[in-house]
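**Student:** What follows is a single structure, and I will ask about it in a moment.
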Amino acid sequence: MTSTAPLAVALVSGGLDSMISASLARAAGYRLLALSVDYNQRHQVELAAAARIARALGAERHIVLPLDLSAFGGSALTADIAVPKDGVQPGIPVTYVPARNTIFLSLALGWAEAAGARDLFIGVNALDYSGYPDCRPEFIAGFERLAELATKAGVEGEPFRIQAPLQHMTKADIVREGTRLGLDLGMSWSCYDPAPGDLHCGSCDSCRLRSKGFADAGIADPTAYAVNPQG
């Protein structure tokens, strides 16, 4: 990667989707700035995964930004609310963190403008996901317009691009893409409610979707689960 290659800020949570999204940025020739947010989430083990991924992708800098969203609560990931374990249900689940992707993209936008980057990568997906409103294409398009209006760069004719390369992929497609890129998918962390011994619980929505993605892709799942998500 040359020093003249364009910079991109990639949101790297430690999960499978953000890992593949950031990897696609690298494959497209971007130099990477990796941003993770320590929002006092229940599954903080994902931050260790984010650090592994940022190193493996050769990020020029990895910032883990503290922002304690548990002060607001309102989610099973930031408050004393049980994580659902009965399978993916219709509607928006209690694991939705209010305005999380809006907050995270706003932070990434600030860093991008300061660093001179004009591309932001986020691993949202609108097919095999938990029904969060801030994963939809309408949200990504709306935030891109907001970024143009809200920044000096945008006003001066240097608009930002919010790149969501996994937007229309199934989870199986995402697993296949990671395999094509030669990634160690076992570096990533998906579980919302880690079991003792740093195991994926196997029962939360995120574990079920992850396991199904590997199964549907016909690719061996490297994840250690406390309970088999496939029953």
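How things are named: the first chain in the structure tokens is A, the next is B, and so on; residues count from 1 in each chain; ligands count from 1 in the order shown.
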Using 8 Å as the limit and counting only C-alpha atoms, can you tabulate each residue of region 168-224 of chain A that touches region 120-132 of chain A, with its shortest atom-to-atom distance in Å and the two atoms involved, as JSON lines?
**Tutor:**
{"residue": "A:His168", "atom": "CA", "partner": "A:Ala126", "partner_atom": "CA", "distance": 6.1}
{"residue": "A:Met169", "atom": "CA", "partner": "A:Leu127", "partner_atom": "CA", "distance": 6.5}
{"residue": "A:Thr170", "atom": "CA", "partner": "A:Asp128", "partner_atom": "CA", "distance": 5.4}
{"residue": "A:Lys171", "atom": "CA", "partner": "A:Asp128", "partner_atom": "CA", "distance": 5.6}
{"residue": "A:Asp205", "atom": "CA", "partner": "A:Ser130", "partner_atom": "CA", "distance": 7.0}
{"residue": "A:Ser206", "atom": "CA", "partner": "A:Ser130", "partner_atom": "CA", "distance": 7.7}
{"residue": "A:Leu209", "atom": "CA", "partner": "A:Asp128", "partner_atom": "CA", "distance": 7.0}
**Student:** Deliver the residues from the most recent selection as a file, using all heavy atoms, as a PDB file, in the first residue's frame.
**Tutor:**
ATOM      1  N   HIS A 168     -26.392  -5.664   0.883  1.00  0.00           N
ATOM      2  CA  HIS A 168     -27.380  -6.549   0.262  1.00  0.00           C
ATOM      3  C   HIS A 168     -26.902  -8.000   0.200  1.00  0.00           C
ATOM      4  O   HIS A 168     -27.407  -8.779  -0.607  1.00  0.00           O
ATOM      5  CB  HIS A 168     -27.729  -6.035  -1.131  1.00  0.00           C
ATOM      6  CG  HIS A 168     -28.273  -4.630  -1.119  1.00  0.00           C
ATOM      7  ND1 HIS A 168     -29.496  -4.320  -0.571  1.00  0.00           N
ATOM      8  CD2 HIS A 168     -27.735  -3.459  -1.548  1.00  0.00           C
ATOM      9  CE1 HIS A 168     -29.709  -3.014  -0.689  1.00  0.00           C
ATOM     10  NE2 HIS A 168     -28.656  -2.475  -1.262  1.00  0.00           N
ATOM     11  N   MET A 169     -25.961  -8.359   1.058  1.00  0.00           N
ATOM     12  CA  MET A 169     -25.480  -9.741   1.111  1.00  0.00           C
ATOM     13  C   MET A 169     -26.224 -10.532   2.180  1.00  0.00           C
ATOM     14  O   MET A 169     -26.596  -9.988   3.223  1.00  0.00           O
ATOM     15  CB  MET A 169     -23.982  -9.780   1.445  1.00  0.00           C
ATOM     16  CG  MET A 169     -23.065  -9.282   0.362  1.00  0.00           C
ATOM     17  SD  MET A 169     -21.327  -9.553   0.867  1.00  0.00           S
ATOM     18  CE  MET A 169     -20.455  -8.799  -0.493  1.00  0.00           C
ATOM     19  N   THR A 170     -26.407 -11.823   1.939  1.00  0.00           N
ATOM     20  CA  THR A 170     -26.848 -12.710   3.009  1.00  0.00           C
ATOM     21  C   THR A 170     -25.644 -12.995   3.906  1.00  0.00           C
ATOM     22  O   THR A 170     -24.491 -12.736   3.536  1.00  0.00           O
ATOM     23  CB  THR A 170     -27.379 -14.032   2.451  1.00  0.00           C
ATOM     24  OG1 THR A 170     -26.291 -14.735   1.819  1.00  0.00           O
ATOM     25  CG2 THR A 170     -28.502 -13.807   1.436  1.00  0.00           C
ATOM     26  N   LYS A 171     -25.906 -13.559   5.073  1.00  0.00           N
ATOM     27  CA  LYS A 171     -24.790 -13.906   5.958  1.00  0.00           C
ATOM     28  C   LYS A 171     -23.902 -14.970   5.302  1.00  0.00           C
ATOM     29  O   LYS A 171     -22.670 -14.948   5.467  1.00  0.00           O
ATOM     30  CB  LYS A 171     -25.315 -14.401   7.303  1.00  0.00           C
ATOM     31  CG  LYS A 171     -24.263 -14.490   8.383  1.00  0.00           C
ATOM     32  CD  LYS A 171     -23.728 -13.118   8.774  1.00  0.00           C
ATOM     33  CE  LYS A 171     -24.688 -12.377   9.674  1.00  0.00           C
ATOM     34  NZ  LYS A 171     -24.111 -11.100  10.178  1.00  0.00           N
ATOM     35  N   ASP A 205     -29.409 -14.009  19.152  1.00  0.00           N
ATOM     36  CA  ASP A 205     -29.671 -13.797  17.726  1.00  0.00           C
ATOM     37  C   ASP A 205     -28.375 -13.762  16.926  1.00  0.00           C
ATOM     38  O   ASP A 205     -28.281 -14.322  15.828  1.00  0.00           O
ATOM     39  CB  ASP A 205     -30.414 -12.479  17.508  1.00  0.00           C
ATOM     40  CG  ASP A 205     -31.854 -12.515  17.970  1.00  0.00           C
ATOM     41  OD1 ASP A 205     -32.288 -13.563  18.484  1.00  0.00           O
ATOM     42  OD2 ASP A 205     -32.545 -11.485  17.817  1.00  0.00           O
ATOM     43  N   SER A 206     -27.367 -13.070  17.453  1.00  0.00           N
ATOM     44  CA  SER A 206     -26.125 -12.898  16.711  1.00  0.00           C
ATOM     45  C   SER A 206     -25.408 -14.235  16.495  1.00  0.00           C
ATOM     46  O   SER A 206     -24.879 -14.504  15.415  1.00  0.00           O
ATOM     47  CB  SER A 206     -25.216 -11.906  17.438  1.00  0.00           C
ATOM     48  OG  SER A 206     -24.121 -11.543  16.638  1.00  0.00           O
ATOM     49  N   LEU A 209     -27.434 -16.239  13.829  1.00  0.00           N
ATOM     50  CA  LEU A 209     -27.223 -15.729  12.476  1.00  0.00           C
ATOM     51  C   LEU A 209     -25.827 -16.069  11.969  1.00  0.00           C
ATOM     52  O   LEU A 209     -25.637 -16.420  10.798  1.00  0.00           O
ATOM     53  CB  LEU A 209     -27.442 -14.217  12.458  1.00  0.00           C
ATOM     54  CG  LEU A 209     -28.897 -13.758  12.632  1.00  0.00           C
ATOM     55  CD1 LEU A 209     -28.947 -12.255  12.895  1.00  0.00           C
ATOM     56  CD2 LEU A 209     -29.736 -14.118  11.414  1.00  0.00           C
TER      57      LEU A 209
END
**Student:** Where does DSSP see strand (DSSP E or B) in region 39-163 of chain A, if you list the residues as a PDB file with N, CA and C atoms, in the first residue's frame?
**Tutor:**
ATOM      1  N   ARG A  61      -3.743   3.196  12.060  1.00  0.00           N
ATOM      2  CA  ARG A  61      -4.049   3.579  13.435  1.00  0.00           C
ATOM      3  C   ARG A  61      -5.349   2.923  13.839  1.00  0.00           C
ATOM      4  N   HIS A  62      -5.426   2.504  15.091  1.00  0.00           N
ATOM      5  CA  HIS A  62      -6.664   1.931  15.626  1.00  0.00           C
ATOM      6  C   HIS A  62      -7.013   2.688  16.891  1.00  0.00           C
ATOM      7  N   ILE A  63      -8.130   3.384  16.855  1.00  0.00           N
ATOM      8  CA  ILE A  63      -8.612   4.104  18.031  1.00  0.00           C
ATOM      9  C   ILE A  63      -9.763   3.324  18.646  1.00  0.00           C
ATOM     10  N   VAL A  64      -9.671   3.067  19.944  1.00  0.00           N
ATOM     11  CA  VAL A  64     -10.795   2.528  20.712  1.00  0.00           C
ATOM     12  C   VAL A  64     -11.319   3.689  21.553  1.00  0.00           C
ATOM     13  N   LEU A  65     -12.423   4.226  21.158  1.00  0.00           N
ATOM     14  CA  LEU A  65     -12.935   5.452  21.757  1.00  0.00           C
ATOM     15  C   LEU A  65     -13.923   5.130  22.876  1.00  0.00           C
ATOM     16  N   PRO A  66     -13.677   5.593  24.109  1.00  0.00           N
ATOM     17  CA  PRO A  66     -14.630   5.335  25.196  1.00  0.00           C
ATOM     18  C   PRO A  66     -15.835   6.269  25.098  1.00  0.00           C
ATOM     19  N   ASP A 119     -13.896   8.533   2.720  1.00  0.00           N
ATOM     20  CA  ASP A 119     -14.672   7.293   2.658  1.00  0.00           C
ATOM     21  C   ASP A 119     -14.782   6.678   4.041  1.00  0.00           C
ATOM     22  N   LEU A 120     -15.998   6.288   4.408  1.00  0.00           N
ATOM     23  CA  LEU A 120     -16.268   5.624   5.674  1.00  0.00           C
ATOM     24  C   LEU A 120     -16.857   4.257   5.358  1.00  0.00           C
ATOM     25  N   PHE A 121     -16.328   3.220   5.970  1.00  0.00           N
ATOM     26  CA  PHE A 121     -16.813   1.856   5.746  1.00  0.00           C
ATOM     27  C   PHE A 121     -17.517   1.350   7.000  1.00  0.00           C
ATOM     28  N   ARG A 161     -18.322   9.597   1.282  1.00  0.00           N
ATOM     29  CA  ARG A 161     -19.024   8.409   0.812  1.00  0.00           C
ATOM     30  C   ARG A 161     -19.141   7.428   1.974  1.00  0.00           C
ATOM     31  N   ILE A 162     -20.369   7.041   2.284  1.00  0.00           N
ATOM     32  CA  ILE A 162     -20.599   6.024   3.319  1.00  0.00           C
ATOM     33  C   ILE A 162     -20.714   4.691   2.593  1.00  0.00           C
ATOM     34  N   GLN A 163     -19.696   3.874   2.716  1.00  0.00           N
ATOM     35  CA  GLN A 163     -19.647   2.624   1.979  1.00  0.00           C
ATOM     36  C   GLN A 163     -20.092   1.467   2.877  1.00  0.00           C
TER      37      GLN A 163
END
**Student:** Have a look at CA of Arg42 (chain A) and CA of Leu77 (chain A) and let me know their distance in Å, one decimal.
**Tutor:**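 Result for CA of Arg42 (chain A) versus CA of Leu77 (chain A): 5.1 Å, one decimal.
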**Student:** One decimal, Å: what's the distance from CA of Ala8 (chain A) over to CA of Tyr30 (chain A), could you say?
**Tutor:**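 For CA of Ala8 (chain A) relative to CA of Tyr30 (chain A), the distance reads 6.0 Å.
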**Student:** Which residue is closest to Leu146 (chain A)? Choose from A:His200, A:Val175, A:Leu109, A:Ile81 and count only C-alpha atoms.
**Tutor:**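 Of the candidates, the smallest distance to Leu146 (chain A) is held by A:Leu109.
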**Student:** So, counting only C-alpha atoms, which residue among A:Leu16, A:Ala220, A:Leu35, A:Ala172 is closest to Phe104 (chain A)?
**Tutor:** A:Leu35
**Student:** Taking 3 positions as the minimum chain separation for residues in the same chain, which residues sit within 6 Å of region 94-102 of chain A when counting only C-alpha atoms? Answer as a ChimeraX atom specification.
**Tutor:** /A:75-77,105,134
**Student:** If we count only C-alpha atoms and set the cut-off at 9 Å, which residues sit around Ala49 (chain A), ignoring sequence neighbours fewer than 3 positions away in its own chain? Please answer as a list in words.
**Tutor:**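 Using only C-alpha atoms, the neighbours found are Ser13, Gly14, Gly15, Val45, Glu46, Arg52, Ile53, Ala54, Met187, Ser188 and Trp189 of chain A.
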**Student:** Of the residues A:Ile174, A:Leu24, A:Cys207, A:Ala115, which is the one nearest to Asp193 (chain A), using only C-alpha atoms?
**Tutor:**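 Between A:Ile174, A:Leu24, A:Cys207, A:Ala115, the residue approaching Asp193 (chain A) most closely is A:Cys207.
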**Student:** Could you please write out, as a count of residues only, every residue of region 43-96 of chain A that DSSP assigns to alpha helix (DSSP H)?
**Tutor:** 12
**Student:** Between A:Gly154, A:Pro222, A:Gly178, A:Pro229, single out the one closest to Lys85 (chain A), counting only C-alpha atoms.
**Tutor:** A:Pro229
**Student:** Determine, counting only C-alpha atoms, which protein, DNA and RNA residues have an atom within 9 Å of an atom of Ser106 (chain A); residues of the same chain fewer than 5 positions away are not included. Present the result as a list of chain:residue names.
**Tutor:**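 Final neighbour list, sorted by chain and number: A:Asn101, A:Trp111, A:Phe143, A:Ala147.
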**Student:** Of the candidates A:Thr151, A:Pro84, A:Cys201, A:Ser190, which shows the shortest atom-to-atom distance to Leu47 (chain A), using only C-alpha atoms?
**Tutor:**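 Looking only at the distances to Leu47 (chain A), the closest residue turns out to be A:Ser190.
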**Student:** Measuring between only C-alpha atoms, which one of A:Arg176, A:Asp216, A:Ala25, A:Gly142 shows the shortest distance to Pro6 (chain A)?
**Tutor:**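 Under the stated criterion, the closest residue is A:Ala25.
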**Student:** Find the distance between CA of Ala27 (chain A) and CA of Cys135 (chain A) and write it in Å to one decimal.
**Tutor:** 22.8 Å
